[in-house]
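Dropping protein_34.pdb in here (PDB, C-alpha atoms, pLDDT in the B column):
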```
MODEL        1
ATOM      1  CA  LYS A   1     200.909 -45.803  46.999  1.00 37.00           C
ATOM      2  CA  ALA A   2     197.161 -45.858  46.509  1.00 36.00           C
ATOM      3  CA  THR A   3     195.589 -42.549  45.687  1.00 36.00           C
ATOM      4  CA  ARG A   4     192.107 -41.543  46.674  1.00 37.00           C
ATOM      5  CA  ALA A   5     190.870 -42.103  43.089  1.00 36.00           C
ATOM      6  CA  THR A   6     192.221 -45.672  42.888  1.00 34.00           C
ATOM      7  CA  THR A   7     190.748 -46.440  46.293  1.00 32.00           C
ATOM      8  CA  ARG A   8     187.379 -45.199  45.026  1.00 34.00           C
ATOM      9  CA  ARG A   9     187.694 -47.366  41.904  1.00 32.00           C
ATOM     10  CA  ARG A  10     188.473 -50.426  44.024  1.00 33.00           C
ATOM     11  CA  LEU A  11     185.498 -49.710  46.264  1.00 34.00           C
ATOM     12  CA  TRP A  12     183.312 -49.171  43.209  1.00 33.00           C
ATOM     13  CA  ARG A  13     184.343 -52.550  41.786  1.00 32.00           C
ATOM     14  CA  ILE A  14     183.468 -54.206  45.062  1.00 32.00           C
ATOM     15  CA  MET A  15     180.117 -52.410  45.084  1.00 36.00           C
ATOM     16  CA  VAL A  16     179.313 -53.394  41.496  1.00 34.00           C
ATOM     17  CA  ALA A  17     180.285 -56.987  42.157  1.00 37.00           C
ATOM     18  CA  THR A  18     177.913 -57.265  45.106  1.00 43.00           C
ATOM     19  CA  GLY A  19     174.950 -55.714  43.285  1.00 56.00           C
ATOM     20  CA  LEU A  20     173.318 -54.000  46.252  1.00 59.00           C
ATOM     21  CA  ALA A  21     176.112 -51.692  47.207  1.00 54.00           C
ATOM     22  CA  ARG A  22     174.961 -49.698  50.193  1.00 63.00           C
ATOM     23  CA  LYS A  23     172.578 -50.600  52.928  1.00 69.00           C
ATOM     24  CA  SER A  24     171.892 -48.270  55.805  1.00 79.00           C
ATOM     25  CA  LYS A  25     169.996 -48.286  59.067  1.00 80.00           C
ATOM     26  CA  ASN A  26     169.557 -44.973  60.876  1.00 81.00           C
ATOM     27  CA  LEU A  27     167.779 -43.870  64.025  1.00 81.00           C
ATOM     28  CA  LEU A  28     166.195 -40.518  63.230  1.00 82.00           C
ATOM     29  CA  ASN A  29     165.608 -39.509  66.871  1.00 81.00           C
ATOM     30  CA  GLU A  30     168.270 -37.676  68.841  1.00 83.00           C
ATOM     31  CA  LEU A  31     167.240 -39.473  72.032  1.00 85.00           C
ATOM     32  CA  CYS A  32     165.650 -42.857  72.635  1.00 87.00           C
ATOM     33  CA  VAL A  33     163.060 -42.499  75.392  1.00 90.00           C
ATOM     34  CA  GLU A  34     160.869 -45.134  77.025  1.00 92.00           C
ATOM     35  CA  GLY A  35     157.256 -44.633  75.929  1.00 90.00           C
ATOM     36  CA  LYS A  36     158.097 -42.155  73.131  1.00 92.00           C
ATOM     37  CA  GLU A  37     158.257 -42.954  69.444  1.00 92.00           C
ATOM     38  CA  LEU A  38     161.541 -44.112  67.929  1.00 90.00           C
ATOM     39  CA  THR A  39     161.880 -43.767  64.142  1.00 91.00           C
ATOM     40  CA  VAL A  40     164.155 -46.146  62.236  1.00 89.00           C
ATOM     41  CA  GLU A  41     164.925 -45.594  58.546  1.00 88.00           C
ATOM     42  CA  TYR A  42     166.365 -48.290  56.308  1.00 88.00           C
ATOM     43  CA  GLY A  43     167.875 -47.482  52.926  1.00 87.00           C
ATOM     44  CA  ILE A  44     168.848 -49.938  50.204  1.00 87.00           C
ATOM     45  CA  PHE A  45     170.872 -48.531  47.300  1.00 87.00           C
ATOM     46  CA  ASN A  46     171.487 -50.530  44.127  1.00 87.00           C
ATOM     47  CA  LEU A  47     174.725 -49.199  42.685  1.00 82.00           C
ATOM     48  CA  GLY A  48     175.250 -52.339  40.638  1.00 80.00           C
ATOM     49  CA  GLU A  49     174.717 -52.755  36.909  1.00 83.00           C
ATOM     50  CA  GLY A  50     171.879 -55.265  37.181  1.00 85.00           C
ATOM     51  CA  THR A  51     168.457 -55.340  38.768  1.00 88.00           C
ATOM     52  CA  ALA A  52     168.213 -56.916  42.207  1.00 88.00           C
ATOM     53  CA  HIS A  53     165.234 -59.283  42.458  1.00 90.00           C
ATOM     54  CA  ASP A  54     163.200 -60.603  45.371  1.00 91.00           C
ATOM     55  CA  VAL A  55     164.770 -58.202  47.885  1.00 90.00           C
ATOM     56  CA  THR A  56     163.896 -58.861  51.526  1.00 91.00           C
ATOM     57  CA  LEU A  57     164.814 -56.627  54.457  1.00 90.00           C
ATOM     58  CA  SER A  58     164.623 -58.041  57.986  1.00 90.00           C
ATOM     59  CA  ASP A  59     165.740 -56.671  61.321  1.00 89.00           C
ATOM     60  CA  GLU A  60     165.818 -58.638  64.560  1.00 87.00           C
ATOM     61  CA  SER A  61     166.991 -55.706  66.730  1.00 86.00           C
ATOM     62  CA  PHE A  62     163.525 -54.892  68.028  1.00 88.00           C
ATOM     63  CA  PRO A  63     162.057 -57.834  69.995  1.00 88.00           C
ATOM     64  CA  SER A  64     158.355 -57.560  70.820  1.00 89.00           C
ATOM     65  CA  GLU A  65     158.953 -57.724  74.589  1.00 90.00           C
ATOM     66  CA  LEU A  66     161.121 -54.564  74.415  1.00 90.00           C
ATOM     67  CA  PHE A  67     159.582 -52.610  71.512  1.00 92.00           C
ATOM     68  CA  THR A  68     156.068 -52.135  70.179  1.00 92.00           C
ATOM     69  CA  PRO A  69     155.754 -51.328  66.464  1.00 92.00           C
ATOM     70  CA  VAL A  70     153.548 -48.275  65.984  1.00 94.00           C
ATOM     71  CA  ILE A  71     153.791 -47.866  62.209  1.00 93.00           C
ATOM     72  CA  GLY A  72     155.291 -50.435  59.872  1.00 91.00           C
ATOM     73  CA  LEU A  73     157.120 -53.698  60.479  1.00 91.00           C
ATOM     74  CA  PRO A  74     160.847 -54.459  60.661  1.00 89.00           C
ATOM     75  CA  GLU A  75     160.458 -56.732  57.632  1.00 92.00           C
ATOM     76  CA  ALA A  76     159.919 -55.511  54.077  1.00 92.00           C
ATOM     77  CA  HIS A  77     159.863 -57.136  50.658  1.00 94.00           C
ATOM     78  CA  PHE A  78     160.616 -55.449  47.344  1.00 92.00           C
ATOM     79  CA  HIS A  79     159.949 -57.302  44.095  1.00 92.00           C
ATOM     80  CA  GLU A  80     162.926 -55.666  42.382  1.00 90.00           C
ATOM     81  CA  ILE A  81     165.267 -52.693  42.675  1.00 89.00           C
ATOM     82  CA  ALA A  82     166.497 -51.269  39.385  1.00 88.00           C
ATOM     83  CA  PRO A  83     170.176 -50.380  38.922  1.00 87.00           C
ATOM     84  CA  GLY A  84     171.075 -46.875  40.093  1.00 85.00           C
ATOM     85  CA  THR A  85     167.987 -46.538  42.290  1.00 88.00           C
ATOM     86  CA  ASN A  86     167.224 -46.829  45.950  1.00 87.00           C
ATOM     87  CA  VAL A  87     164.333 -47.719  48.207  1.00 89.00           C
ATOM     88  CA  SER A  88     163.702 -46.754  51.794  1.00 89.00           C
ATOM     89  CA  HIS A  89     161.605 -48.246  54.547  1.00 91.00           C
ATOM     90  CA  VAL A  90     160.603 -46.469  57.748  1.00 92.00           C
ATOM     91  CA  VAL A  91     159.380 -48.108  60.942  1.00 93.00           C
ATOM     92  CA  ILE A  92     158.259 -46.363  64.128  1.00 94.00           C
ATOM     93  CA  PHE A  93     158.627 -48.226  67.428  1.00 93.00           C
ATOM     94  CA  THR A  94     157.828 -47.403  71.040  1.00 94.00           C
ATOM     95  CA  PRO A  95     160.445 -48.658  73.546  1.00 93.00           C
ATOM     96  CA  LEU A  96     158.759 -50.384  76.489  1.00 93.00           C
ATOM     97  CA  VAL A  97     161.719 -50.436  78.910  1.00 91.00           C
ATOM     98  CA  SER A  98     164.688 -48.206  79.624  1.00 89.00           C
ATOM     99  CA  GLY A  99     168.331 -49.219  79.680  1.00 88.00           C
ATOM    100  CA  GLY A 100     170.931 -50.241  77.153  1.00 85.00           C
ATOM    101  CA  ALA A 101     169.826 -51.472  73.760  1.00 83.00           C
ATOM    102  CA  ASN A 102     171.972 -53.275  71.228  1.00 81.00           C
ATOM    103  CA  PHE A 103     170.845 -52.419  67.711  1.00 82.00           C
ATOM    104  CA  THR A 104     172.272 -55.087  65.441  1.00 83.00           C
ATOM    105  CA  ALA A 105     172.599 -54.790  61.694  1.00 83.00           C
ATOM    106  CA  ALA A 106     169.596 -55.394  59.478  1.00 85.00           C
ATOM    107  CA  THR A 107     169.849 -58.201  56.929  1.00 87.00           C
ATOM    108  CA  VAL A 108     169.057 -57.808  53.247  1.00 88.00           C
ATOM    109  CA  THR A 109     168.701 -60.849  50.975  1.00 89.00           C
ATOM    110  CA  TYR A 110     168.305 -60.659  47.197  1.00 90.00           C
ATOM    111  CA  LYS A 111     168.754 -62.532  43.923  1.00 89.00           C
ATOM    112  CA  ASP A 112     171.061 -61.338  41.137  1.00 85.00           C
ATOM    113  CA  THR A 113     168.564 -62.512  38.508  1.00 83.00           C
ATOM    114  CA  ALA A 114     164.909 -63.415  38.675  1.00 84.00           C
ATOM    115  CA  ALA A 115     165.678 -67.032  37.807  1.00 86.00           C
ATOM    116  CA  ALA A 116     168.547 -67.416  40.285  1.00 85.00           C
ATOM    117  CA  ALA A 117     168.022 -70.160  42.832  1.00 87.00           C
ATOM    118  CA  GLU A 118     170.498 -68.817  45.355  1.00 90.00           C
ATOM    119  CA  LYS A 119     169.981 -65.631  47.368  1.00 89.00           C
ATOM    120  CA  ARG A 120     172.778 -63.342  48.465  1.00 87.00           C
ATOM    121  CA  GLU A 121     172.801 -61.928  51.980  1.00 86.00           C
ATOM    122  CA  VAL A 122     174.274 -58.600  53.068  1.00 84.00           C
ATOM    123  CA  SER A 123     174.082 -56.597  56.289  1.00 81.00           C
ATOM    124  CA  SER A 124     173.250 -52.954  56.840  1.00 76.00           C
ATOM    125  CA  SER A 125     175.468 -50.349  58.427  1.00 68.00           C
ATOM    126  CA  THR A 126     177.517 -51.179  61.495  1.00 63.00           C
ATOM    127  CA  PRO A 127     175.593 -52.281  64.580  1.00 62.00           C
ATOM    128  CA  PHE A 128     175.674 -49.934  67.540  1.00 71.00           C
ATOM    129  CA  GLN A 129     174.510 -49.584  71.109  1.00 76.00           C
ATOM    130  CA  ASN A 130     172.232 -46.884  72.387  1.00 81.00           C
ATOM    131  CA  VAL A 131     170.752 -45.996  75.762  1.00 85.00           C
ATOM    132  CA  ILE A 132     167.002 -45.789  76.133  1.00 88.00           C
ATOM    133  CA  LEU A 133     166.236 -43.142  78.746  1.00 87.00           C
ATOM    134  CA  SER A 134     163.481 -43.682  81.264  1.00 90.00           C
ATOM    135  CA  ALA A 135     160.555 -41.266  80.998  1.00 87.00           C
ATOM    136  CA  SER A 136     161.386 -39.735  84.408  1.00 86.00           C
ATOM    137  CA  ASP A 137     165.029 -39.059  83.428  1.00 87.00           C
ATOM    138  CA  TYR A 138     163.887 -37.496  80.169  1.00 87.00           C
ATOM    139  CA  ASN A 139     161.367 -35.263  81.957  1.00 83.00           C
ATOM    140  CA  LYS A 140     163.994 -34.117  84.476  1.00 84.00           C
ATOM    141  CA  LYS A 141     166.138 -32.805  81.652  1.00 84.00           C
ATOM    142  CA  HIS A 142     163.541 -31.614  79.146  1.00 82.00           C
ATOM    143  CA  ALA A 143     160.396 -30.601  81.074  1.00 81.00           C
ATOM    144  CA  PRO A 144     159.542 -26.880  81.364  1.00 81.00           C
ATOM    145  CA  HIS A 145     159.994 -26.998  85.207  1.00 81.00           C
ATOM    146  CA  LEU A 146     157.063 -24.628  85.790  1.00 85.00           C
ATOM    147  CA  LYS A 147     156.887 -25.320  89.528  1.00 87.00           C
ATOM    148  CA  GLU A 148     160.580 -24.477  89.987  1.00 87.00           C
ATOM    149  CA  TRP A 149     160.195 -21.257  87.962  1.00 87.00           C
ATOM    150  CA  PHE A 150     157.182 -20.264  90.103  1.00 90.00           C
ATOM    151  CA  TYR A 151     159.154 -20.733  93.340  1.00 91.00           C
ATOM    152  CA  PHE A 152     162.060 -18.801  91.863  1.00 91.00           C
ATOM    153  CA  GLY A 153     159.736 -15.937  90.837  1.00 90.00           C
ATOM    154  CA  VAL A 154     158.221 -15.733  94.306  1.00 89.00           C
ATOM    155  CA  ALA A 155     161.656 -15.810  95.954  1.00 90.00           C
ATOM    156  CA  ALA A 156     162.955 -13.139  93.559  1.00 89.00           C
ATOM    157  CA  ALA A 157     159.891 -10.903  94.091  1.00 88.00           C
ATOM    158  CA  ILE A 158     160.102 -10.884  97.903  1.00 87.00           C
ATOM    159  CA  PRO A 159     162.990  -8.393  98.139  1.00 86.00           C
ATOM    160  CA  PHE A 160     161.518  -6.072  95.500  1.00 86.00           C
ATOM    161  CA  LEU A 161     157.987  -6.066  96.897  1.00 85.00           C
ATOM    162  CA  GLY A 162     158.547  -6.958 100.534  1.00 83.00           C
ATOM    163  CA  PHE A 163     161.166  -4.316 101.442  1.00 86.00           C
ATOM    164  CA  PRO A 164     159.156  -1.280 100.148  1.00 86.00           C
ATOM    165  CA  PHE A 165     156.030  -2.649 101.857  1.00 85.00           C
ATOM    166  CA  PHE A 166     157.972  -3.039 105.129  1.00 84.00           C
ATOM    167  CA  LEU A 167     159.192   0.586 104.897  1.00 85.00           C
ATOM    168  CA  PHE A 168     155.694   1.871 104.152  1.00 85.00           C
ATOM    169  CA  PHE A 169     154.101  -0.168 106.936  1.00 83.00           C
ATOM    170  CA  SER A 170     156.691   0.872 109.565  1.00 83.00           C
ATOM    171  CA  SER A 171     156.358   4.528 108.538  1.00 81.00           C
ATOM    172  CA  PHE A 172     152.576   4.332 108.551  1.00 76.00           C
ATOM    173  CA  SER A 173     152.407   2.632 111.973  1.00 74.00           C
ATOM    174  CA  SER A 174     154.753   5.202 113.553  1.00 75.00           C
ATOM    175  CA  HIS A 175     152.596   8.079 112.238  1.00 71.00           C
ATOM    176  CA  ALA A 176     149.227   6.388 112.758  1.00 67.00           C
ATOM    177  CA  GLY A 177     148.545   8.431 115.875  1.00 62.00           C
ATOM    178  CA  ASP A 178     149.196  11.715 114.011  1.00 59.00           C
ATOM    179  CA  PHE A 179     146.538  10.947 111.419  1.00 56.00           C
ATOM    180  CA  SER A 180     143.850  10.235 114.021  1.00 57.00           C
ATOM    181  CA  LYS A 181     144.543  13.567 115.858  1.00 57.00           C
ATOM    182  CA  ALA A 182     144.376  15.487 112.624  1.00 54.00           C
ATOM    183  CA  LYS A 183     140.904  14.072 111.860  1.00 57.00           C
ATOM    184  CA  LYS A 184     139.479  15.149 115.248  1.00 57.00           C
ATOM    185  CA  GLN A 185     140.455  18.797 114.870  1.00 58.00           C
TER
ENDMDL
END
```
Would you write the structure of this file as structure tokens?
Amino acid sequence: KATRATTRRRLWRIMVATGLARKSKNLLNELCVEGKELTVEYGIFNLGEGTAHDVTLSDESFPSELFTPVIGLPEAHFHEIAPGTNVSHVVIFTPLVSGGANFTAATVTYKDTAAAAEKREVSSSTPFQNVILSASDYNKKHAPHLKEWFYFGVAAAIPFLGFPFFLFFSSFSSHAGDFSKAKKQ
């Protein structure tokens, strides 16, 4: 029976053997909204014993007809990543259309040594799907709804202001003749 420690050791051996052990791709926004910025963070962690050379990150999940890059590009190149260190890369996009979006894994290629002719290729964290909300759907849920609150305030104020005014006006109109007689005397 494998214990948690032996499982960790096996995973560690796999990580050391591959050189670049962990690659991640995270969306930092809670919601993806059409026309609003979407921040994507990539992390490359070298848990291996040797330096990774000629590291290239590329991501094809954001086609130009669906996303506009605001800051950064979905491709990055790092000359080398020392053992036990990590690098991160952040890109900000603006989604142009709403609907379902399939965010595939980013690809990282690297060389084990500077002189190596062959590059290794690994993928980032698991691909996932996300829904990009339309701007109108987002505003329905997250706008301050000032017009609705104004109508509610007016409707709530009518009983508190209207009923006393009605009582005063009906009392005043029934005694209006008494006030005019009192002035003449």
Subject >> Selected residue of minimal separation from Thr107 (chain A) among A:Thr51, A:Asn86, A:Gln129, A:Ser24, counting only C-alpha atoms >> reply: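 The shortest atom-to-atom distance to Thr107 (chain A) comes from A:Ser24.
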**OP:** Name all residues at most 9 Å from Leu133 (chain A) (count all atoms listed in the file; drop same-chain ones fewer than 3 positions away) and give them as a ChimeraX atom specification.
**Re:** /A:31-34,97-100,136-138
Original post:
What is the CA of Glu41 (chain A)-CA of Ala105 (chain A) distance in Å, reported with one decimal?
Top reply: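 Answer for the CA of Glu41 (chain A) to CA of Ala105 (chain A) separation: 12.4 Å.
Straight-line separation from CA of Glu49 (chain A) to CA of Asp112 (chain A): 10.2 Å.
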Subject >> Distance of CA of Ser58 (chain A) from CA of Ser124 (chain A), expressed in Å to one decimal place >> reply: 10.1 Å
Original post:
Which polymer residues have any atom within 9 Å of an atom of region 80-83 of chain A, counting all atoms listed in the file, with same-chain residues fewer than 2 positions away left out, as an MDAnalysis selection string?
Top reply: chainID A and resid 19:20 44:55 77:78 85:87 110 114
**OP:** Please evaluate the PyMOL selection byres ((chain A and resi 120) around 9) against the structure above and give the resulting residues as a PyMOL selection string.
**Re:** chain A and resi 18+108-112+118-119+121-122
**OP:** Run the PyMOL selection byres ((chain A and resi 68) around 6) against the file shown and list the residues it catches, as a ChimeraX atom specification.
**Re:** /A:64,67,69,93-94
